[in-house]
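Have a look at start_6.tsv below; it lists TSV, C-alpha atoms and all ligand atoms.
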chain	number	residue	atom	x	y	z
F	1	MET	CA	248.97	31.24	103.25
F	2	SER	CA	249.88	27.71	102.16
F	3	TYR	CA	251.94	27.03	99.06
F	4	ALA	CA	252.36	24.16	96.62
F	5	ILE	CA	254.51	23.75	93.55
F	6	VAL	CA	253.05	21.46	90.88
F	7	GLY	CA	255.87	20.13	88.73
F	8	PHE	CA	259.18	19.23	90.35
F	9	GLY	CA	261.48	19.49	87.36
F	10	LYS	CA	263.97	22.29	86.69
F	11	ILE	CA	261.66	25.20	87.56
F	12	GLY	CA	259.81	23.43	90.37
F	13	GLN	CA	263.09	22.56	92.06
F	14	ALA	CA	264.49	26.04	91.47
F	15	LEU	CA	261.47	27.53	93.25
F	16	ALA	CA	261.66	24.91	95.99
F	17	HIS	CA	265.23	26.06	96.66
F	18	ALA	CA	263.96	29.62	97.12
F	19	PHE	CA	261.33	28.42	99.63
F	20	ALA	CA	263.90	26.32	101.49
F	21	ARG	CA	266.44	29.15	101.57
F	22	ASN	CA	263.86	31.33	103.29
F	23	ASN	CA	262.46	28.66	105.60
F	24	ILE	CA	258.98	28.77	104.04
F	25	ASN	CA	256.91	25.59	103.96
F	26	VAL	CA	255.94	24.34	100.52
F	27	THR	CA	254.56	21.09	99.20
F	28	VAL	CA	255.72	19.72	95.86
F	29	ALA	CA	253.93	17.30	93.57
F	30	SER	CA	253.99	15.86	90.09
F	31	ARG	CA	252.42	12.88	88.33
F	32	ARG	CA	254.80	10.61	90.22
F	33	PRO	CA	253.89	9.44	93.74
F	34	PRO	CA	255.25	11.46	96.69
F	35	GLU	CA	257.62	8.62	97.66
F	36	ALA	CA	259.39	9.09	94.32
F	37	LEU	CA	259.85	12.83	94.89
F	38	ALA	CA	260.61	12.69	98.62
F	39	PRO	CA	264.41	12.10	98.50
F	40	GLN	CA	264.88	15.03	96.11
F	41	ALA	CA	262.52	17.20	98.16
F	42	ARG	CA	264.38	16.36	101.38
F	43	ALA	CA	267.67	17.18	99.66
F	44	VAL	CA	266.40	20.68	98.85
F	45	GLY	CA	265.51	21.40	102.46
F	46	PRO	CA	263.34	20.48	105.43
F	47	THR	CA	260.54	22.92	104.51
F	48	VAL	CA	260.00	21.15	101.18
F	49	VAL	CA	257.58	18.23	101.46
F	50	ALA	CA	256.47	15.92	98.66
F	51	LYS	CA	252.76	15.09	98.55
F	52	SER	CA	250.35	13.56	96.10
F	53	LEU	CA	248.96	16.01	93.55
F	54	ARG	CA	245.53	15.80	95.19
F	55	ASP	CA	246.94	16.64	98.65
F	56	ALA	CA	249.21	19.39	97.30
F	57	LEU	CA	246.23	21.08	95.69
F	58	GLU	CA	244.80	21.73	99.16
F	59	ALA	CA	247.20	24.69	99.35
F	60	ASP	CA	245.63	28.05	98.70
F	61	THR	CA	248.44	29.23	96.41
F	62	ILE	CA	249.62	26.85	93.72
F	63	ILE	CA	252.57	27.47	91.44
F	64	LEU	CA	252.40	25.79	88.03
F	65	ALA	CA	255.86	24.56	87.05
F	66	ILE	CA	254.72	22.07	84.42
F	67	PRO	CA	255.02	21.96	80.64
F	68	PHE	CA	252.42	24.36	79.21
F	69	GLY	CA	250.56	21.56	77.43
F	70	GLU	CA	249.88	19.80	80.77
F	71	HIS	CA	247.84	22.59	82.34
F	72	ARG	CA	244.47	21.06	81.47
F	73	GLU	CA	245.44	17.79	83.15
F	74	VAL	CA	246.27	19.63	86.37
F	75	ALA	CA	243.15	21.81	86.12
F	76	LYS	CA	240.98	18.69	85.91
F	77	SER	CA	242.24	17.54	89.31
F	78	LEU	CA	239.88	19.90	91.16
F	79	PRO	CA	236.17	20.35	90.47
F	80	SER	CA	236.46	24.06	91.29
F	81	TRP	CA	239.42	26.39	91.72
F	82	LYS	CA	237.39	28.99	93.59
F	83	GLY	CA	239.43	30.51	96.41
F	84	LYS	CA	242.76	29.39	94.91
F	85	THR	CA	245.52	31.56	93.52
F	86	VAL	CA	247.40	29.96	90.64
F	87	ILE	CA	250.83	31.39	89.90
F	88	ASP	CA	251.59	30.54	86.30
F	89	ALA	CA	255.34	30.09	85.88
F	90	THR	CA	254.94	28.30	82.55
F	91	ASN	CA	255.89	29.52	79.12
F	92	SER	CA	253.92	28.41	76.09
F	93	PHE	CA	257.25	27.72	74.35
F	94	PRO	CA	257.43	26.54	71.60
F	95	LEU	CA	253.77	27.09	70.64
F	96	PRO	CA	253.23	30.09	68.37
F	97	PRO	CA	250.69	32.68	69.67
F	98	GLU	CA	248.23	31.69	66.87
F	99	GLU	CA	247.74	28.32	68.58
F	100	LEU	CA	246.51	30.14	71.66
F	101	GLY	CA	243.91	32.04	69.65
F	102	GLY	CA	246.06	35.14	69.99
F	103	LEU	CA	245.55	35.13	73.79
F	104	PRO	CA	248.33	35.73	76.30
F	105	SER	CA	249.34	32.25	77.50
F	106	SER	CA	248.17	32.88	81.09
F	107	THR	CA	244.75	34.04	79.84
F	108	PHE	CA	244.59	30.78	77.88
F	109	ILE	CA	245.53	28.82	81.00
F	110	ALA	CA	243.06	30.73	83.18
F	111	LYS	CA	240.19	29.41	81.06
F	112	SER	CA	240.87	25.90	82.44
F	113	PHE	CA	241.28	26.96	86.10
F	114	THR	CA	237.70	28.07	86.56
F	115	GLY	CA	237.29	30.36	89.55
F	116	ALA	CA	241.02	30.71	90.31
F	117	LYS	CA	242.88	33.96	90.46
F	118	VAL	CA	245.73	33.55	87.98
F	119	VAL	CA	248.94	35.51	88.35
F	120	LYS	CA	251.70	35.25	85.75
F	121	GLY	CA	255.12	35.27	87.36
F	122	PHE	CA	258.50	33.61	87.91
F	123	ASN	CA	258.55	32.65	84.21
F	124	HIS	CA	261.25	34.86	82.75
F	125	LEU	CA	264.37	33.54	84.47
F	126	GLY	CA	266.25	30.40	83.42
F	127	ALA	CA	266.03	27.62	86.01
F	128	ALA	CA	269.64	27.93	87.20
F	129	THR	CA	269.26	31.66	87.80
F	130	LEU	CA	265.89	31.18	89.49
F	131	ALA	CA	267.45	28.58	91.81
F	132	SER	CA	270.29	30.83	92.90
F	133	ASP	CA	270.10	33.41	95.68
F	134	PRO	CA	268.26	36.42	94.21
F	135	VAL	CA	270.15	38.83	96.45
F	136	VAL	CA	273.00	39.79	94.16
F	137	GLU	CA	275.60	42.45	94.98
F	138	GLY	CA	273.21	44.08	97.43
F	139	GLY	CA	270.35	44.18	94.92
F	140	HIS	CA	267.34	41.90	94.52
F	141	ARG	CA	266.67	40.04	91.30
F	142	VAL	CA	263.43	41.19	89.70
F	143	ILE	CA	260.30	39.08	89.23
F	144	PHE	CA	257.55	40.35	86.94
F	145	LEU	CA	253.92	39.83	87.97
F	146	SER	CA	250.75	40.36	85.97
F	147	SER	CA	247.13	39.40	86.51
F	148	ASP	CA	243.60	40.31	85.55
F	149	ASP	CA	242.69	40.00	89.26
F	150	GLU	CA	244.15	43.13	90.76
F	151	ASP	CA	243.79	41.94	94.36
F	152	ALA	CA	245.64	38.71	93.57
F	153	ILE	CA	248.94	40.42	92.80
F	154	ALA	CA	249.68	41.86	96.27
F	155	PRO	CA	249.92	38.50	98.11
F	156	VAL	CA	252.08	37.05	95.32
F	157	ALA	CA	254.30	40.15	95.41
F	158	GLU	CA	254.59	39.60	99.17
F	159	LEU	CA	255.63	35.99	98.57
F	160	ALA	CA	258.19	37.11	95.96
F	161	LYS	CA	259.66	39.51	98.53
F	162	ARG	CA	259.80	36.78	101.19
F	163	LEU	CA	261.69	34.66	98.64
F	164	GLY	CA	264.18	37.49	98.21
F	165	PHE	CA	263.01	38.87	94.86
F	166	ALA	CA	261.99	42.41	93.94
F	167	PRO	CA	258.50	42.11	92.42
F	168	VAL	CA	257.60	44.43	89.54
F	169	THR	CA	253.91	44.61	88.74
F	170	LEU	CA	253.13	44.86	85.04
F	171	GLY	CA	249.33	45.15	85.28
F	172	LYS	CA	246.84	43.07	83.35
F	173	LEU	CA	247.79	40.01	81.32
F	174	ASN	CA	246.91	41.58	77.98
F	175	GLU	CA	248.57	44.86	78.86
F	176	GLY	CA	251.95	45.00	80.62
F	177	GLY	CA	251.80	41.24	81.10
F	178	LEU	CA	252.35	40.74	77.38
F	179	LEU	CA	255.91	41.98	77.87
F	180	VAL	CA	256.88	38.68	79.52
F	181	HIS	CA	254.74	36.23	77.56
F	182	ALA	CA	256.47	33.69	75.38
F	183	ARG	CA	256.32	34.22	71.67
F	184	GLY	CA	257.36	31.21	69.67
F	185	ARG	CA	260.85	30.22	70.71
F	186	VAL	CA	261.58	33.17	72.99
F	187	TRP	CA	259.99	34.69	76.05
F	188	GLY	CA	260.11	38.18	77.39
F	189	PRO	CA	261.08	39.50	73.92
F	190	LEU	CA	259.61	42.93	74.51
F	191	ILE	CA	261.10	43.51	77.91
F	192	PHE	CA	264.46	42.33	76.68
F	193	GLN	CA	264.33	43.75	73.16
F	194	ASP	CA	267.15	46.19	73.78
F	195	LEU	CA	269.30	43.39	75.17
F	196	PHE	CA	268.49	41.17	72.17
F	197	LYS	CA	269.37	43.98	69.75
F	198	LYS	CA	272.71	44.50	71.48
F	199	GLN	CA	273.48	40.77	71.22
F	200	GLN	CA	272.69	40.59	67.50
P	1	LIG	N1	263.67	25.40	82.32
P	1	LIG	C1	263.71	26.73	82.33
P	1	LIG	O1	264.79	27.34	82.38
P	1	LIG	C2	262.40	27.51	82.30
P	1	LIG	C3	262.46	28.90	82.48
P	1	LIG	C4	261.26	29.61	82.58
P	1	LIG	C5	260.03	28.95	82.47
P	1	LIG	N2	260.02	27.61	82.25
P	1	LIG	C6	258.70	26.97	82.13
P	1	LIG	O2	258.47	26.24	83.34
P	1	LIG	C7	257.68	25.07	83.05
P	1	LIG	C8	258.43	23.86	83.60
P	1	LIG	O3	259.66	23.74	82.90
P	1	LIG	P1	260.83	22.80	83.44
P	1	LIG	O4	262.02	23.16	82.67
P	1	LIG	O5	260.85	22.80	84.93
P	1	LIG	O6	260.28	21.37	82.93
P	1	LIG	P2	260.73	19.93	83.42
P	1	LIG	O7	262.09	19.97	84.01
P	1	LIG	O8	260.44	19.01	82.30
P	1	LIG	O9	259.70	19.62	84.63
P	1	LIG	C9	258.34	19.48	84.40
P	1	LIG	C10	257.72	18.89	85.65
P	1	LIG	O10	256.30	18.83	85.46
P	1	LIG	C11	255.83	17.55	85.96
P	1	LIG	N3	254.59	17.29	85.23
P	1	LIG	C12	254.40	17.08	83.90
P	1	LIG	N4	253.10	16.90	83.64
P	1	LIG	C13	252.44	16.97	84.82
P	1	LIG	C14	251.08	16.84	85.21
P	1	LIG	N5	250.12	16.61	84.31
P	1	LIG	N6	250.77	16.96	86.52
P	1	LIG	C15	251.74	17.20	87.46
P	1	LIG	N7	253.04	17.33	87.16
P	1	LIG	C16	253.41	17.22	85.85
P	1	LIG	C17	256.97	16.59	85.65
P	1	LIG	O11	257.05	15.53	86.55
P	1	LIG	P3	256.41	14.07	86.31
P	1	LIG	O12	256.92	13.59	85.00
P	1	LIG	O13	256.85	13.31	87.50
P	1	LIG	O14	254.92	14.31	86.30
P	1	LIG	C18	258.18	17.49	85.98
P	1	LIG	O15	258.44	17.45	87.37
P	1	LIG	C19	257.49	25.04	81.53
P	1	LIG	O16	256.23	25.57	81.22
P	1	LIG	C20	258.60	25.94	81.01
P	1	LIG	O17	258.26	26.57	79.78
P	1	LIG	C21	261.16	26.86	82.17
Just give me the structure as structure tokens.
Ligand SMILES: NC(=O)c1ccc[n+]([C@@H]2O[C@H](COP(=O)([O-])OP(=O)(O)OC[C@H]3O[C@@H](n4cnc5c(N)ncnc54)[C@H](OP(=O)(O)O)[C@@H]3O)[C@@H](O)[C@H]2O)c1
Amino acid sequence: MSYAIVGFGKIGQALAHAFARNNINVTVASRRPPEALAPQARAVGPTVVAKSLRDALEADTIILAIPFGEHREVAKSLPSWKGKTVIDATNSFPLPPEELGGLPSSTFIAKSFTGAKVVKGFNHLGAATLASDPVVEGGHRVIFLSSDDEDAIAPVAELAKRLGFAPVTLGKLNEGGLLVHARGRVWGPLIFQDLFKKQQ
């Protein structure tokens, strides 16, 4: 398996830290040239290598860590996404669900990545938490995964485990996956509803 993170902002860097911590090679890319990202990539760790977007997209598993509205731009970079797994770490924040035609945001995104297997994941933690060691007091921080391609989840769950997380599979995007989709200004409202109620 080869991995790339597209988007090297808060979430891209947080994920890069997880790859570096576990000595797993990953390429990182954004709209900026690799030379501009290289010092930051090197600072994260030796397994993190900045490449051009085109070169990074040669990886077979690509994590989207870009603003939701940019997904079409990235999708256009390849004529076909057949054979690729796209891990969608974006949230459609602050777009209301009506602007996505009522679709779960990853289903909306999947329409642009023709042929790819799209797995929703790594989207529910804030960047600082995602960047920190997920092994906490002997437990493993949870990552939720959902996809309409059942066979795509297992390799992503394996990656999540290698990164130190405990993957929890929620099923299809429009079923359990809806629990962690953004709605307006919040994400994961259903999975966290008890927590939200307690805070109110
Ligand atoms: N921040 C959080 O705590 C958090 C938590 C959960 C989920 N998320 C989600 O994660 C995604 C990223 O958020 P973020 O906070 O990391 O944003 P961010 O800090 O603004 O980083 C966005 C990154 O995407 C790159 N980018 C933008 N358009 C691009 C394009 N067309 N092609 C390639 N790269 C592009 C930007 O770099 P260039 O300008 O160099 O292209 C930048 O590196 C969002 O969808 C957000 O909703 C964020």
**Message:** Please identify all protein, DNA and RNA residues within 7 Å of ligand LIG 1 (chain P), counting only C-alpha atoms and all ligand atoms, and report them as a VMD selection string.
**Reply:** chain F and resid 6 to 12 29 to 32 53 65 to 68 70 to 71 73 to 74 89 to 93 123 to 128
Take the selection from the previous step and output its residues with C-alpha atoms, as a PDB file, keeping the file's coordinate frame.
ATOM      1  CA  VAL F   6     253.050  21.460  90.880  1.00  0.00           C
ATOM      2  CA  GLY F   7     255.870  20.130  88.730  1.00  0.00           C
ATOM      3  CA  PHE F   8     259.180  19.230  90.350  1.00  0.00           C
ATOM      4  CA  GLY F   9     261.480  19.490  87.360  1.00  0.00           C
ATOM      5  CA  LYS F  10     263.970  22.290  86.690  1.00  0.00           C
ATOM      6  CA  ILE F  11     261.660  25.200  87.560  1.00  0.00           C
ATOM      7  CA  GLY F  12     259.810  23.430  90.370  1.00  0.00           C
ATOM      8  CA  ALA F  29     253.930  17.300  93.570  1.00  0.00           C
ATOM      9  CA  SER F  30     253.990  15.860  90.090  1.00  0.00           C
ATOM     10  CA  ARG F  31     252.420  12.880  88.330  1.00  0.00           C
ATOM     11  CA  ARG F  32     254.800  10.610  90.220  1.00  0.00           C
ATOM     12  CA  LEU F  53     248.960  16.010  93.550  1.00  0.00           C
ATOM     13  CA  ALA F  65     255.860  24.560  87.050  1.00  0.00           C
ATOM     14  CA  ILE F  66     254.720  22.070  84.420  1.00  0.00           C
ATOM     15  CA  PRO F  67     255.020  21.960  80.640  1.00  0.00           C
ATOM     16  CA  PHE F  68     252.420  24.360  79.210  1.00  0.00           C
ATOM     17  CA  GLU F  70     249.880  19.800  80.770  1.00  0.00           C
ATOM     18  CA  HIS F  71     247.840  22.590  82.340  1.00  0.00           C
ATOM     19  CA  GLU F  73     245.440  17.790  83.150  1.00  0.00           C
ATOM     20  CA  VAL F  74     246.270  19.630  86.370  1.00  0.00           C
ATOM     21  CA  ALA F  89     255.340  30.090  85.880  1.00  0.00           C
ATOM     22  CA  THR F  90     254.940  28.300  82.550  1.00  0.00           C
ATOM     23  CA  ASN F  91     255.890  29.520  79.120  1.00  0.00           C
ATOM     24  CA  SER F  92     253.920  28.410  76.090  1.00  0.00           C
ATOM     25  CA  PHE F  93     257.250  27.720  74.350  1.00  0.00           C
ATOM     26  CA  ASN F 123     258.550  32.650  84.210  1.00  0.00           C
ATOM     27  CA  HIS F 124     261.250  34.860  82.750  1.00  0.00           C
ATOM     28  CA  LEU F 125     264.370  33.540  84.470  1.00  0.00           C
ATOM     29  CA  GLY F 126     266.250  30.400  83.420  1.00  0.00           C
ATOM     30  CA  ALA F 127     266.030  27.620  86.010  1.00  0.00           C
ATOM     31  CA  ALA F 128     269.640  27.930  87.200  1.00  0.00           C
TER      32      ALA F 128
END
**Asked** Using all atoms listed in the file, which residue out of F:Leu78, F:Ile63, F:Leu15, F:Leu103 lies closest to Thr129 of chain F?
**Response**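 Among the listed residues, F:Leu15 lies closest to Thr129 of chain F.
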**Message:** Please compute the atom CA of Asn174 of chain F-atom CA of Ile143 of chain F distance, one decimal, in Å.
**Reply:**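 So the answer is 17.7 Å.
With only C-alpha atoms as the atoms that count, the minimum distance from Thr169 of chain F to the choices F:Lys82, F:Arg54, F:Lys120, F:Lys76 is reached by F:Lys120.
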**Request:** Could you tell me how far atom CA of Val180 of chain F lies from atom CA of Gly121 of chain F, in Å and to one decimal?
**Result:**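 Straight-line distance from atom CA of Val180 of chain F to atom CA of Gly121 of chain F works out to 8.7 Å.
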**Prompt:** What is the distance, in Å and to one decimal place, between atom CA of Ala160 of chain F and atom CA of Leu130 of chain F?
**Reply:** 11.7 Å
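Distance annotation: of F:Thr47, F:Asn23, F:Ser132, F:Thr61, the residue with the minimal separation from Thr85 of chain F is F:Thr61; atom set is all atoms listed in the file.
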**Prompt:** From the set F:Pro97, F:Pro79, F:Pro34, F:Gly69, which residue has the shortest atom-to-atom contact distance to Val48 of chain F, counting only C-alpha atoms?
**Reply:**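 Selected residue with least distance to Val48 of chain F: F:Pro34.
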**Prompt:** Which residue out of F:Leu100, F:Val86, F:Ala116, F:Ala36 has the minimum interatomic distance to Ala182 of chain F when all atoms listed in the file are used?
**Reply:**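 Counting all atoms listed in the file, the residue closest to Ala182 of chain F is F:Leu100.
With distances restricted to all atoms listed in the file, F:Arg183 is the closest residue to Pro96 of chain F from F:Arg183, F:Ala43, F:Ser2, F:Arg141.
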**Request:** May I have the protein, DNA and RNA residues with an atom at most 7 Å from (262.3, 41.3, 94.6), counting only C-alpha atoms in the file's coordinates, returned as a list in words?
**Result:** His140, Arg141, Val142, Ile143, Ala160, Lys161, Gly164, Phe165, Ala166 and Pro167 of chain F
Tell me, as a compact mmCIF listing (two decimals) with C-alpha atoms, in the frame of the given file, which residues lie within 8 Å of Ala59 of chain F, counting only C-alpha atoms; anything in the same chain fewer than 4 positions away does not count.
# COMPACT_ATOMS: atom_id res chain seq x y z
CA MET F 1 248.97 31.24 103.25
CA SER F 2 249.88 27.71 102.16
CA TYR F 3 251.94 27.03 99.06
CA ALA F 4 252.36 24.16 96.62
CA LYS F 84 242.76 29.39 94.91
